[in-house]
$ cat structure-v8.tsv   # TSV, C-alpha atoms
chain	number	residue	atom	x	y	z
O	1	MET	CA	0.00	0.00	0.00
O	2	GLU	CA	1.20	3.50	-0.79
O	3	ARG	CA	1.67	5.82	2.17
O	4	VAL	CA	0.38	9.32	1.57
O	5	ASN	CA	2.44	12.12	3.05
O	6	GLU	CA	0.11	14.02	5.34
O	7	THR	CA	1.14	16.87	7.61
O	8	VAL	CA	-0.74	17.12	10.88
O	9	VAL	CA	-1.90	20.68	11.62
O	10	ARG	CA	-0.05	21.99	14.68
O	11	GLU	CA	-0.96	25.66	14.41
O	12	VAL	CA	-3.70	27.69	12.75
O	13	ILE	CA	-3.22	30.87	10.73
O	14	PHE	CA	-5.98	33.47	10.96
O	15	LEU	CA	-6.89	35.14	7.66
O	16	GLY	CA	-9.89	37.09	8.91
O	17	PHE	CA	-8.46	40.54	8.16
O	18	SER	CA	-5.93	39.61	5.48
O	19	SER	CA	-7.87	41.51	2.80
O	20	LEU	CA	-7.86	44.68	4.92
O	21	ALA	CA	-4.13	45.03	5.45
O	22	ARG	CA	-4.14	48.84	5.02
O	23	LEU	CA	-6.98	49.30	7.50
O	24	GLN	CA	-5.73	47.08	10.29
O	25	GLN	CA	-4.40	49.92	12.46
O	26	LEU	CA	-7.69	51.76	12.13
O	27	LEU	CA	-9.61	48.58	12.93
O	28	PHE	CA	-7.38	48.07	15.96
O	29	VAL	CA	-8.35	51.49	17.35
O	30	ILE	CA	-12.07	50.97	16.65
O	31	PHE	CA	-12.21	47.48	18.18
O	32	LEU	CA	-10.08	48.54	21.14
O	33	LEU	CA	-12.49	51.39	21.93
O	34	LEU	CA	-15.48	49.04	21.61
O	35	TYR	CA	-13.77	46.50	23.85
O	36	LEU	CA	-12.93	49.12	26.50
O	37	PHE	CA	-16.51	50.41	26.34
O	38	THR	CA	-17.84	46.88	26.87
O	39	LEU	CA	-15.48	46.29	29.81
O	40	GLY	CA	-16.32	49.67	31.33
O	41	THR	CA	-20.09	49.35	31.12
O	42	ASN	CA	-20.08	45.83	32.54
O	43	ALA	CA	-17.66	46.83	35.30
O	44	ILE	CA	-19.98	49.70	36.26
O	45	ILE	CA	-22.98	47.35	36.35
O	46	ILE	CA	-21.16	44.81	38.53
O	47	SER	CA	-19.68	47.37	40.94
O	48	THR	CA	-23.01	49.18	41.32
O	49	ILE	CA	-24.84	45.94	42.14
O	50	VAL	CA	-22.13	44.81	44.58
O	51	LEU	CA	-21.89	48.14	46.42
O	52	ASP	CA	-25.59	48.97	46.66
O	53	ARG	CA	-27.34	46.73	49.20
O	54	ALA	CA	-30.74	47.67	47.78
O	55	LEU	CA	-29.76	45.81	44.61
O	56	HIS	CA	-28.94	42.55	46.40
O	57	ILE	CA	-31.99	40.81	44.98
O	58	PRO	CA	-32.17	37.91	42.48
O	59	MET	CA	-32.87	40.06	39.41
O	60	TYR	CA	-29.70	42.12	39.86
O	61	PHE	CA	-27.72	39.09	41.00
O	62	PHE	CA	-28.44	37.44	37.65
O	63	LEU	CA	-27.64	40.68	35.83
O	64	ALA	CA	-24.24	40.82	37.59
O	65	ILE	CA	-23.53	37.20	36.62
O	66	LEU	CA	-24.53	38.03	33.05
O	67	SER	CA	-22.10	40.98	32.98
O	68	CYS	CA	-19.29	38.79	34.36
O	69	SER	CA	-20.04	36.24	31.65
O	70	GLU	CA	-19.83	38.90	28.96
O	71	ILE	CA	-16.50	40.19	30.23
O	72	CYS	CA	-15.07	36.66	30.10
O	73	TYR	CA	-16.65	36.00	26.70
O	74	THR	CA	-15.08	39.04	25.07
O	75	PHE	CA	-11.76	38.34	26.81
O	76	ILE	CA	-11.58	34.97	25.04
O	77	ILE	CA	-11.78	36.53	21.57
O	78	VAL	CA	-11.03	40.25	21.42
O	79	PRO	CA	-7.51	40.58	22.99
O	80	LYS	CA	-6.10	37.92	20.65
O	81	MET	CA	-7.80	39.62	17.71
O	82	LEU	CA	-6.30	43.00	18.69
O	83	VAL	CA	-2.81	41.49	18.93
O	84	ASP	CA	-3.21	39.88	15.50
O	85	LEU	CA	-4.23	43.21	13.96
O	86	LEU	CA	-0.80	44.62	14.84
O	87	SER	CA	1.33	41.54	14.17
O	88	GLN	CA	2.58	39.93	10.99
O	89	LYS	CA	2.18	36.37	12.29
O	90	LYS	CA	-1.47	35.76	13.06
O	91	THR	CA	-1.32	32.23	14.45
O	92	ILE	CA	-2.60	30.13	17.32
O	93	SER	CA	-1.60	26.63	18.34
O	94	PHE	CA	-3.96	23.78	17.50
O	95	LEU	CA	-4.51	23.15	21.22
O	96	GLY	CA	-5.03	26.87	21.80
O	97	CYS	CA	-7.65	26.88	19.04
O	98	ALA	CA	-9.52	24.04	20.77
O	99	ILE	CA	-9.35	25.84	24.13
O	100	GLN	CA	-10.62	29.05	22.57
O	101	MET	CA	-13.56	27.26	20.92
O	102	PHE	CA	-14.50	25.44	24.12
O	103	SER	CA	-14.26	28.63	26.19
O	104	PHE	CA	-16.42	30.82	23.98
O	105	LEU	CA	-18.98	28.01	23.50
O	106	PHE	CA	-19.14	27.43	27.26
O	107	LEU	CA	-19.63	31.11	28.03
O	108	GLY	CA	-21.98	31.74	25.12
O	109	CYS	CA	-24.24	28.77	25.90
O	110	SER	CA	-24.24	29.57	29.62
O	111	HIS	CA	-25.19	33.14	28.74
O	112	SER	CA	-28.21	31.94	26.76
O	113	PHE	CA	-29.44	29.76	29.60
O	114	LEU	CA	-28.90	32.61	32.09
O	115	LEU	CA	-31.28	34.74	30.03
O	116	ALA	CA	-33.89	32.00	30.44
O	117	VAL	CA	-33.23	31.98	34.20
O	118	MET	CA	-33.84	35.74	34.29
O	119	GLY	CA	-37.14	35.24	32.51
O	120	TYR	CA	-38.13	32.61	35.10
O	121	ASP	CA	-37.17	35.00	37.90
O	122	ARG	CA	-39.54	37.68	36.53
O	123	TYR	CA	-42.27	35.08	36.15
O	124	ILE	CA	-42.03	34.16	39.85
O	125	ALA	CA	-41.79	37.82	40.93
O	126	ILE	CA	-44.95	38.88	39.10
O	127	CYS	CA	-47.08	35.73	39.06
O	128	ASN	CA	-46.25	34.45	42.54
O	129	PRO	CA	-45.01	37.49	44.52
O	130	LEU	CA	-46.03	36.23	47.97
O	131	ARG	CA	-43.72	33.22	47.71
O	132	TYR	CA	-40.98	34.99	45.75
O	133	SER	CA	-38.48	35.18	48.62
O	134	VAL	CA	-38.93	31.46	49.27
O	135	LEU	CA	-38.92	30.26	45.65
O	136	MET	CA	-35.98	32.50	44.69
O	137	GLY	CA	-33.78	32.25	47.76
O	138	HIS	CA	-30.00	32.52	47.62
O	139	GLY	CA	-29.52	28.76	47.36
O	140	VAL	CA	-32.03	28.51	44.51
O	141	CYS	CA	-30.38	31.37	42.62
O	142	MET	CA	-26.95	29.76	42.97
O	143	GLY	CA	-28.42	26.45	41.83
O	144	LEU	CA	-29.98	28.03	38.73
O	145	VAL	CA	-26.67	29.68	37.81
O	146	ALA	CA	-24.84	26.38	38.36
O	147	ALA	CA	-27.39	24.59	36.17
O	148	ALA	CA	-26.97	27.16	33.39
O	149	CYS	CA	-23.17	26.77	33.56
O	150	ALA	CA	-23.46	22.97	33.61
O	151	CYS	CA	-25.61	23.05	30.46
O	152	GLY	CA	-23.11	25.38	28.79
O	153	PHE	CA	-20.18	23.19	29.83
O	154	THR	CA	-21.84	20.02	28.53
O	155	VAL	CA	-22.74	21.52	25.15
O	156	ALA	CA	-19.29	23.08	24.74
O	157	GLN	CA	-17.56	19.81	25.67
O	158	ILE	CA	-19.58	17.77	23.18
O	159	ILE	CA	-19.21	20.20	20.27
O	160	THR	CA	-15.49	20.81	20.83
O	161	SER	CA	-14.82	17.08	21.08
O	162	LEU	CA	-16.74	16.35	17.88
O	163	VAL	CA	-14.94	19.10	15.95
O	164	PHE	CA	-11.38	18.36	17.07
O	165	HIS	CA	-11.67	14.59	16.75
O	166	LEU	CA	-11.90	15.12	12.99
O	167	PRO	CA	-8.66	14.66	10.99
O	168	PHE	CA	-6.81	17.90	10.20
O	169	TYR	CA	-4.05	17.68	7.58
O	170	SER	CA	-2.20	20.06	5.26
O	171	SER	CA	-4.35	23.21	5.25
O	172	ASN	CA	-4.11	25.37	8.35
O	173	GLN	CA	-5.43	28.67	7.01
O	174	LEU	CA	-8.57	29.71	8.86
O	175	HIS	CA	-10.70	32.35	7.11
O	176	HIS	CA	-11.82	33.98	10.34
O	177	PHE	CA	-10.33	35.92	13.25
O	178	PHE	CA	-11.01	33.29	15.93
O	179	CYS	CA	-11.72	29.57	16.15
O	180	ASP	CA	-15.42	29.49	15.39
O	181	ILE	CA	-17.20	26.21	14.62
O	182	ALA	CA	-17.96	26.58	10.90
O	183	PRO	CA	-14.51	27.89	9.80
O	184	VAL	CA	-12.70	25.17	11.76
O	185	LEU	CA	-14.92	22.47	10.26
O	186	LYS	CA	-13.87	23.66	6.80
O	187	LEU	CA	-10.24	22.87	7.69
O	188	ALA	CA	-11.03	19.24	8.43
O	189	SER	CA	-9.75	16.77	5.85
O	190	HIS	CA	-12.75	14.50	6.34
O	191	HIS	CA	-16.26	15.45	7.44
O	192	ASN	CA	-18.35	13.16	9.59
O	193	HIS	CA	-21.97	13.86	8.68
O	194	PHE	CA	-23.21	12.45	11.98
O	195	SER	CA	-20.99	14.88	13.88
O	196	GLN	CA	-22.23	17.80	11.80
O	197	ILE	CA	-25.86	16.85	12.47
O	198	VAL	CA	-25.23	16.59	16.21
O	199	ILE	CA	-23.44	19.97	16.24
O	200	PHE	CA	-26.26	21.61	14.29
O	201	MET	CA	-28.91	20.15	16.61
O	202	LEU	CA	-27.06	21.24	19.75
O	203	CYS	CA	-26.58	24.79	18.45
O	204	THR	CA	-30.27	24.94	17.52
O	205	LEU	CA	-31.35	23.69	20.95
O	206	VAL	CA	-29.09	26.18	22.75
O	207	LEU	CA	-30.89	28.99	20.93
O	208	ALA	CA	-34.40	27.53	20.85
O	209	ILE	CA	-34.79	26.23	24.42
O	210	PRO	CA	-33.89	29.50	26.25
O	211	LEU	CA	-35.97	31.51	23.76
O	212	LEU	CA	-38.95	29.21	24.29
O	213	LEU	CA	-38.61	29.41	28.08
O	214	ILE	CA	-38.42	33.21	27.92
O	215	LEU	CA	-41.51	33.41	25.71
O	216	VAL	CA	-43.47	31.06	27.99
O	217	SER	CA	-42.46	33.13	31.04
O	218	TYR	CA	-43.59	36.38	29.47
O	219	VAL	CA	-46.84	34.90	28.18
O	220	HIS	CA	-47.68	33.97	31.78
O	221	ILE	CA	-46.56	37.40	32.98
O	222	LEU	CA	-48.78	39.21	30.46
O	223	SER	CA	-51.67	36.90	31.29
O	224	ALA	CA	-51.26	37.64	35.01
O	225	ILE	CA	-51.07	41.42	34.40
O	226	LEU	CA	-54.27	41.37	32.34
O	227	GLN	CA	-56.08	39.68	35.24
O	228	PHE	CA	-55.09	42.35	37.78
O	229	PRO	CA	-57.44	45.24	38.67
O	230	SER	CA	-56.72	48.31	36.57
O	231	THR	CA	-54.70	50.27	39.17
O	232	LEU	CA	-52.66	47.31	40.36
O	233	GLY	CA	-52.26	46.12	36.81
O	234	THR	CA	-50.84	49.48	35.79
O	235	GLN	CA	-48.30	49.32	38.60
O	236	GLU	CA	-47.24	45.77	37.78
O	237	ALA	CA	-47.06	46.60	34.08
O	238	SER	CA	-44.73	49.50	34.90
O	239	ILE	CA	-42.50	47.14	36.89
O	240	SER	CA	-42.53	44.69	34.02
O	241	ARG	CA	-41.61	47.40	31.52
O	242	ILE	CA	-38.68	48.45	33.69
O	243	PHE	CA	-37.42	44.88	33.78
O	244	LEU	CA	-37.90	44.49	30.03
O	245	ASP	CA	-35.67	47.55	29.50
O	246	VAL	CA	-32.98	46.05	31.75
O	247	PHE	CA	-33.41	42.59	30.28
O	248	TRP	CA	-33.13	43.58	26.62
O	249	THR	CA	-30.26	45.94	27.43
O	250	SER	CA	-28.38	42.91	28.78
O	251	VAL	CA	-29.27	40.98	25.63
O	252	PHE	CA	-27.94	43.84	23.50
O	253	GLN	CA	-24.73	43.92	25.54
O	254	ASN	CA	-24.42	40.16	25.17
O	255	HIS	CA	-24.40	40.51	21.39
O	256	GLN	CA	-22.03	43.46	21.17
O	257	ILE	CA	-19.34	40.98	20.21
O	258	THR	CA	-21.48	40.15	17.17
O	259	ILE	CA	-20.83	43.71	15.97
O	260	VAL	CA	-17.12	42.96	16.17
O	261	LYS	CA	-17.71	39.80	14.14
$ encode --input "structure-v8.tsv" --output "structure tokens"
Amino acid sequence: MERVNETVVREVIFLGFSSLARLQQLLFVIFLLLYLFTLGTNAIIISTIVLDRALHIPMYFFLAILSCSEICYTFIIVPKMLVDLLSQKKTISFLGCAIQMFSFLFLGCSHSFLLAVMGYDRYIAICNPLRYSVLMGHGVCMGLVAAACACGFTVAQIITSLVFHLPFYSSNQLHHFFCDIAPVLKLASHHNHFSQIVIFMLCTLVLAIPLLLILVSYVHILSAILQFPSTLGTQEASISRIFLDVFWTSVFQNHQITIVK
């Protein structure tokens, strides 16, 4: 049998900004400012919640956890991208690529499930206010955060294992600025269709399940508000609107990294 010379990929070259060589310094300044803005706003949110005792309630506890998650999420991707914008050699080790993928999947998936937890928290606060302090005690809140992180860890572990168990030979040029799932799959010498189906299903579930839980929570919230007397209903609706502003602001902050993408 003939032996085919195959070179195992040991490092990955990022080509995400290769076509914008003349604009890389400008992009560095823009992305650095966006990154500092993201860090600053999240740091303000966390410090305000920690220092103000009046904010030591489940809603703001989850918001603080969400801000911490976003800081970590951007830290996984943006600093490396900024360094690559100013360097000639835009590479990362194969192991480093796997760690980066696992980390951003873990944080991203956990973030999605945390949004569902926040929706559940508002459901309990508005639909069952008399038992809120019991149903959303400190231990329960910690358990919900741990469950969200466990789901994120499990999904990230499965997807990363499926991707990096594929054979990678010869080509090591990644047409992206970080180790995202789709670009890395394109580097694989052989594609396992079963693995691709599992990855697609997991990604779909990570998006669909939290969204469905949030929608169900807010359907119950709206239904409960409509059953209140007019004066009380107006007050509860105002509270709900305030939370919606905070909630969707956190969602917008969570997807600021998408702007960078």
$ atom_distance --input "structure-v8.tsv" --atom1 "atom CA of O:Ser69" --atom2 "atom CA of O:Gln157"
17.7 Å
$ closest_residue --input "structure-v8.tsv" --among "O:Val29, O:Leu105, O:Ala125, O:Leu222" --to "O:Val83" --atoms "all atoms listed in the file"
O:Val29
$ residues_around --input "structure-v8.tsv" --residues "O:Ile199" --least-positions-apart "2" --cutoff "12 Å" --atoms "only C-alpha atoms" --output "PyMOL selection string"
chain O and resi 105+155-163+181-182+185+192-197+201-206
$ write_last_selection --input "structure-v8.tsv" --atoms "C-alpha atoms" --output "PDB file, in the coordinates of the input"
ATOM      1  CA  LEU O 105     -18.980  28.010  23.500  1.00  0.00           C
ATOM      2  CA  VAL O 155     -22.740  21.520  25.150  1.00  0.00           C
ATOM      3  CA  ALA O 156     -19.290  23.080  24.740  1.00  0.00           C
ATOM      4  CA  GLN O 157     -17.560  19.810  25.670  1.00  0.00           C
ATOM      5  CA  ILE O 158     -19.580  17.770  23.180  1.00  0.00           C
ATOM      6  CA  ILE O 159     -19.210  20.200  20.270  1.00  0.00           C
ATOM      7  CA  THR O 160     -15.490  20.810  20.830  1.00  0.00           C
ATOM      8  CA  SER O 161     -14.820  17.080  21.080  1.00  0.00           C
ATOM      9  CA  LEU O 162     -16.740  16.350  17.880  1.00  0.00           C
ATOM     10  CA  VAL O 163     -14.940  19.100  15.950  1.00  0.00           C
ATOM     11  CA  ILE O 181     -17.200  26.210  14.620  1.00  0.00           C
ATOM     12  CA  ALA O 182     -17.960  26.580  10.900  1.00  0.00           C
ATOM     13  CA  LEU O 185     -14.920  22.470  10.260  1.00  0.00           C
ATOM     14  CA  ASN O 192     -18.350  13.160   9.590  1.00  0.00           C
ATOM     15  CA  HIS O 193     -21.970  13.860   8.680  1.00  0.00           C
ATOM     16  CA  PHE O 194     -23.210  12.450  11.980  1.00  0.00           C
ATOM     17  CA  SER O 195     -20.990  14.880  13.880  1.00  0.00           C
ATOM     18  CA  GLN O 196     -22.230  17.800  11.800  1.00  0.00           C
ATOM     19  CA  ILE O 197     -25.860  16.850  12.470  1.00  0.00           C
ATOM     20  CA  MET O 201     -28.910  20.150  16.610  1.00  0.00           C
ATOM     21  CA  LEU O 202     -27.060  21.240  19.750  1.00  0.00           C
ATOM     22  CA  CYS O 203     -26.580  24.790  18.450  1.00  0.00           C
ATOM     23  CA  THR O 204     -30.270  24.940  17.520  1.00  0.00           C
ATOM     24  CA  LEU O 205     -31.350  23.690  20.950  1.00  0.00           C
ATOM     25  CA  VAL O 206     -29.090  26.180  22.750  1.00  0.00           C
TER      26      VAL O 206
END
$ closest_atom_pairs --input "structure-v8.tsv" --of "stretch 40-104 of chain O" --to "stretch 13-22 of chain O" --cutoff "8 Å" --atoms "all atoms listed in the file" --output "JSON lines"
{"residue": "O:Leu85", "atom": "CA", "partner": "O:Phe17", "partner_atom": "CA", "distance": 7.7}
{"residue": "O:Lys89", "atom": "CA", "partner": "O:Ile13", "partner_atom": "CA", "distance": 7.9}
{"residue": "O:Lys90", "atom": "CA", "partner": "O:Phe14", "partner_atom": "CA", "distance": 5.5}
{"residue": "O:Thr91", "atom": "CA", "partner": "O:Ile13", "partner_atom": "CA", "distance": 4.4}
{"residue": "O:Ile92", "atom": "CA", "partner": "O:Ile13", "partner_atom": "CA", "distance": 6.7}
$ residues_around --input "structure-v8.tsv" --residues "O:His56" --least-positions-apart "4" --cutoff "12 Å" --atoms "only C-alpha atoms" --output "list in words"
Ile46, Ser47, Thr48, Ile49, Val50, Leu51, Asp52, Tyr60, Phe61, Phe62, Leu63, Ala64, Gly137, His138 and Cys141 of chain O
$ closest_residue --input "structure-v8.tsv" --among "O:Ala148, O:Ile71, O:Leu86, O:Ile30" --to "O:His111" --atoms "all atoms listed in the file"
O:Ala148
$ closest_residue --input "structure-v8.tsv" --among "O:Phe153, O:Cys109, O:Ile225, O:Val184" --to "O:Ala208" --atoms "all atoms listed in the file"
O:Cys109
$ residues_around --input "structure-v8.tsv" --residues "O:Pro79" --least-positions-apart "6" --cutoff "12 Å" --atoms "only C-alpha atoms" --output "list of chain:residue names"
O:Phe28, O:Phe31, O:Leu32, O:Leu33, O:Leu34, O:Tyr35, O:Leu36, O:Leu39, O:Ile71, O:Cys72, O:Tyr73, O:Leu85, O:Leu86, O:Gln100, O:Phe177, O:Phe178
$ residues_around --input "structure-v8.tsv" --residues "O:Val117" --least-positions-apart "2" --cutoff "9 Å" --atoms "all atoms listed in the file" --output "short mmCIF file (atom, residue, chain, number, x, y, z; two decimals) with C-alpha atoms, in the coordinates of the input"
data_model
loop_
_atom_site.label_atom_id
_atom_site.label_comp_id
_atom_site.auth_asym_id
_atom_site.auth_seq_id
_atom_site.Cartn_x
_atom_site.Cartn_y
_atom_site.Cartn_z
CA PHE O 62 -28.44 37.44 37.65
CA SER O 112 -28.21 31.94 26.76
CA PHE O 113 -29.44 29.76 29.60
CA LEU O 114 -28.90 32.61 32.09
CA LEU O 115 -31.28 34.74 30.03
CA GLY O 119 -37.14 35.24 32.51
CA TYR O 120 -38.13 32.61 35.10
CA ASP O 121 -37.17 35.00 37.90
CA ARG O 122 -39.54 37.68 36.53
CA CYS O 141 -30.38 31.37 42.62
CA LEU O 144 -29.98 28.03 38.73
CA VAL O 145 -26.67 29.68 37.81
CA ALA O 148 -26.97 27.16 33.39
CA PRO O 210 -33.89 29.50 26.25
CA LEU O 213 -38.61 29.41 28.08
CA ILE O 214 -38.42 33.21 27.92
#
$ residues_around --input "structure-v8.tsv" --residues "O:Asn172" --least-positions-apart "5" --cutoff "7 Å" --atoms "all atoms listed in the file" --output "VMD selection string"
chain O and resid 9 11 to 13 187
$ closest_residue --input "structure-v8.tsv" --among "O:Ser133, O:Thr154, O:Ser103, O:Gln25" --to "O:Thr74" --atoms "only C-alpha atoms"
O:Ser103
$ atom_distance --input "structure-v8.tsv" --atom1 "atom CA of O:Cys149" --atom2 "atom CA of O:Met101"
15.9 Å
$ atom_distance --input "structure-v8.tsv" --atom1 "atom CA of O:Asn42" --atom2 "atom CA of O:Ser67"
5.3 Å
$ closest_residue --input "structure-v8.tsv" --among "O:Met142, O:Ile126, O:Phe164, O:Leu174" --to "O:His190" --atoms "all atoms listed in the file"
O:Phe164
$ closest_residue --input "structure-v8.tsv" --among "O:Gln173, O:Ser217, O:Ser110, O:Asn128" --to "O:Ile65" --atoms "all atoms listed in the file"
O:Ser110
$ build_atoms --input "structure-v8.tsv" --residues "stretch 139-156 of chain O" --atoms "N, CA and C atoms" --output "mmCIF file, in the coordinates of the input"
data_model
loop_
_atom_site.group_PDB
_atom_site.id
_atom_site.type_symbol
_atom_site.label_atom_id
_atom_site.label_comp_id
_atom_site.auth_asym_id
_atom_site.auth_seq_id
_atom_site.Cartn_x
_atom_site.Cartn_y
_atom_site.Cartn_z
ATOM 1 N N GLY O 139 -29.921 30.100 47.802
ATOM 2 C CA GLY O 139 -29.520 28.760 47.360
ATOM 3 C C GLY O 139 -30.117 28.404 46.012
ATOM 4 N N VAL O 140 -31.386 28.788 45.801
ATOM 5 C CA VAL O 140 -32.030 28.510 44.510
ATOM 6 C C VAL O 140 -31.350 29.281 43.387
ATOM 7 N N CYS O 141 -31.044 30.542 43.637
ATOM 8 C CA CYS O 141 -30.380 31.370 42.620
ATOM 9 C C CYS O 141 -29.018 30.774 42.239
ATOM 10 N N MET O 142 -28.248 30.377 43.245
ATOM 11 C CA MET O 142 -26.950 29.760 42.970
ATOM 12 C C MET O 142 -27.122 28.458 42.192
ATOM 13 N N GLY O 143 -28.160 27.696 42.548
ATOM 14 C CA GLY O 143 -28.420 26.450 41.830
ATOM 15 C C GLY O 143 -28.786 26.679 40.378
ATOM 16 N N LEU O 144 -29.595 27.716 40.114
ATOM 17 C CA LEU O 144 -29.980 28.030 38.730
ATOM 18 C C LEU O 144 -28.768 28.461 37.905
ATOM 19 N N VAL O 145 -27.888 29.268 38.509
ATOM 20 C CA VAL O 145 -26.670 29.680 37.810
ATOM 21 C C VAL O 145 -25.778 28.472 37.539
ATOM 22 N N ALA O 146 -25.653 27.592 38.537
ATOM 23 C CA ALA O 146 -24.840 26.380 38.360
ATOM 24 C C ALA O 146 -25.421 25.495 37.260
ATOM 25 N N ALA O 147 -26.752 25.394 37.208
ATOM 26 C CA ALA O 147 -27.390 24.590 36.170
ATOM 27 C C ALA O 147 -27.150 25.170 34.788
ATOM 28 N N ALA O 148 -27.232 26.497 34.669
ATOM 29 C CA ALA O 148 -26.970 27.160 33.390
ATOM 30 C C ALA O 148 -25.531 26.909 32.937
ATOM 31 N N CYS O 149 -24.587 27.015 33.887
ATOM 32 C CA CYS O 149 -23.170 26.770 33.560
ATOM 33 C C CYS O 149 -22.936 25.306 33.209
ATOM 34 N N ALA O 150 -23.615 24.400 33.908
ATOM 35 C CA ALA O 150 -23.460 22.970 33.610
ATOM 36 C C ALA O 150 -23.965 22.648 32.213
ATOM 37 N N CYS O 151 -25.091 23.246 31.824
ATOM 38 C CA CYS O 151 -25.610 23.050 30.460
ATOM 39 C C CYS O 151 -24.624 23.592 29.436
ATOM 40 N N GLY O 152 -24.087 24.794 29.704
ATOM 41 C CA GLY O 152 -23.110 25.380 28.790
ATOM 42 C C GLY O 152 -21.854 24.546 28.672
ATOM 43 N N PHE O 153 -21.374 24.029 29.820
ATOM 44 C CA PHE O 153 -20.180 23.190 29.830
ATOM 45 C C PHE O 153 -20.394 21.919 29.030
ATOM 46 N N THR O 154 -21.550 21.287 29.219
ATOM 47 C CA THR O 154 -21.840 20.020 28.530
ATOM 48 C C THR O 154 -21.902 20.221 27.021
ATOM 49 N N VAL O 155 -22.623 21.249 26.591
ATOM 50 C CA VAL O 155 -22.740 21.520 25.150
ATOM 51 C C VAL O 155 -21.376 21.847 24.555
ATOM 52 N N ALA O 156 -20.608 22.702 25.244
ATOM 53 C CA ALA O 156 -19.290 23.080 24.740
ATOM 54 C C ALA O 156 -18.355 21.881 24.655
#
